[in-house]
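Novice: This is the structure, below, for whatever I ask next.
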Amino acid sequence: MCPVNDSSSCTSSQALSPPVDVLSHIVDVHCHPTDSAYSSEVMDNLAVQVCAMATRATDQSLVRDLAAAYPQKVIPCFGYHPWFTHWISVAPFTSKEEHYRSLFLSTSSPKQEVVDAFQRLLPFLPDPTSLNNVLDDIRSNLLQFPNAMLGEVGLDRICRVPYSTPAPTPYALHDGKRELSPFTISLEHQLTILEAQLDLAVEMRRNTSLHSVKSQEATVKLLNKMLRKHGNRWTEISVDLHSCTLSAQTLKDIQKAHPNVFVSLSTAINTRSSAHKDLIAACPDNRILVESDYNDVSYSTRQCWDMISRIAEVKGWAVEDQWTEDVPDDKWGVVRRLEHNWNLFRSGGHAAPLSRKKRRDRRQQSVDSSGQDS
């Protein structure tokens with residue numbers, strides 16, 4: 001989730017936009033169009049499809065309304081972002097203060113300055129919502145849109161809770177600098193809420209857009225847990241590690257163990273580090289996607305095109321300047337490849353990874369076959 005709409009990150013290569021017949025094959029797999037006010041003119045002229053993320057209680061209906069108004073251009077995504085998971089209760093509580101104390105003052109004897117910070121923060125915090133109510137809300141929205149995804153959900157170990165009331169919509173108008181409290185949301189609490197949302201995605205067979213910031217080990221463990229817990233049902237859905245900042249080696253390990261895990265990259269987040277080129281190179285050709293992660297849909301096309309150009313450069317893929325049907329596979333350009341990857345992601349139903357025993361058996365069969373041939 002890109003917190004600030006900063007048009008300065010639009011690079012000069014974005015101005016070299018291809019014709020609409022090429023752009024129409026692009027999907028921005030992760031963005032936040034309802035964070036800003038948008039006009040019907042902007043939406044009517046939008047050349048790409050977008051996956052519109054929800055993040056908290058107040059924008060689920062906004063995403064729903066946008067998708068209903070533009071069903072050919074918007075794939076709705078419903079879920080609760082890790083930045084706002086402290087607003088969700090996972091256990092019964094008798095008061096608002098009791099809930100937030102359990103999250104932020106968990107030690108038996110907190111220091112006085114911590115207690116003072118908590119008392120200052122408490123008036124800004126909303127009444128908590130139960131996890132069951134959150135899941136009911138997501139389920140209802142997913143049922144309304146058969147093509148809807150779960151998102152944005154995930155883990156974030158560095159987000160600090162601000163001294164401010166929840167922002168009204170549109171959120172981008174209130175994205176100014178805010179004073180941060182010393183409190184973060186425990187990983188245990190985030191994991192409880194994330195796992196419940198992922199369980200629902202598996203149950204309803206819905207693809208997922210996953211946020212992971214400074215949570216590399218926890219993300220790997222969670223993905224492995226979901227595979228053990230759900231087995232083949234886990235690989236029926238696709239999971240996108242959005243604006244992925246994992247190391248290239250960790251990405252390789254994840255994608256080897258999880259054939260349903262894809263990666264999308266954005267100029268807004270990933271180009272802050274040159275390591276994004278290593279990620280592009282490490283990602284299998286058929287499991288890379290593109291996104292803007294922007295909160296203003298008018299920038300979606302140009303932000304995606306900039307990242308598409310970067311992917312093409314690293315992968316050595318041609319960049320289409322016109323659309324031609326029935327192109328042989330070995331002549332595919334970057335847009336056609338990414339469209340193919342999106343179709344794989346959207347369809348789900350990935351082959352489950354082989355167990356170690358089955359891999360050994362298969363290797364032995366191969367050896368035996370070679371021996372017989374000789």
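By convention in this document, the chains of the structure tokens carry letters A, B, ... by their order, each chain's residues are numbered from 1, and ligands are numbered from 1 in the order they are shown.
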Could you produce a table of the residues of stretch 54-77 of chain A lying within 12 Å of stretch 122-136 of chain A, with the nearest pair of atoms per residue and their separation in Å rounded to one decimal, using only C-alpha atoms, ordered by chain and increasing residue number, as JSON lines?
Specialist:
```
{"residue": "A:Thr55", "atom": "CA", "partner": "A:Val134", "partner_atom": "CA", "distance": 11.4}
{"residue": "A:Arg56", "atom": "CA", "partner": "A:Val134", "partner_atom": "CA", "distance": 9.4}
{"residue": "A:Ala57", "atom": "CA", "partner": "A:Val134", "partner_atom": "CA", "distance": 8.1}
{"residue": "A:Thr58", "atom": "CA", "partner": "A:Val134", "partner_atom": "CA", "distance": 11.7}
{"residue": "A:Gln60", "atom": "CA", "partner": "A:Val134", "partner_atom": "CA", "distance": 10.6}
```
Novice: List the neighbours of A:Val334 out to 9 Å using only C-alpha atoms; skip same-chain residues closer than 6 positions along the sequence, and give me the result as a list of chain:residue names.
Specialist: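 Surrounding residues, per the criterion: A:Ile308, A:Ser309, A:Ile311, A:Ala312, A:Lys315, A:Gly316, A:Trp317, A:Ala318, A:Val319, A:Glu320.
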Novice: Taking only C-alpha atoms into account, which of A:Arg336, A:Arg310, A:Lys277, A:His350 comes nearest A:Val27?
Specialist: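 Of the candidates, the smallest distance to A:Val27 is held by A:Arg336.
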Novice: By how many Å are atom CA of A:Asp156 and atom CA of A:Pro82 apart?
Specialist: 6.2 Å
Novice: So that I can see what lies close to A:Tyr163, please list as a ChimeraX atom specification the residues with an atom at most 7 Å from it, counting only C-alpha atoms and leaving out residues fewer than 5 positions away in the same chain.
Specialist: /A:121,124,179-181
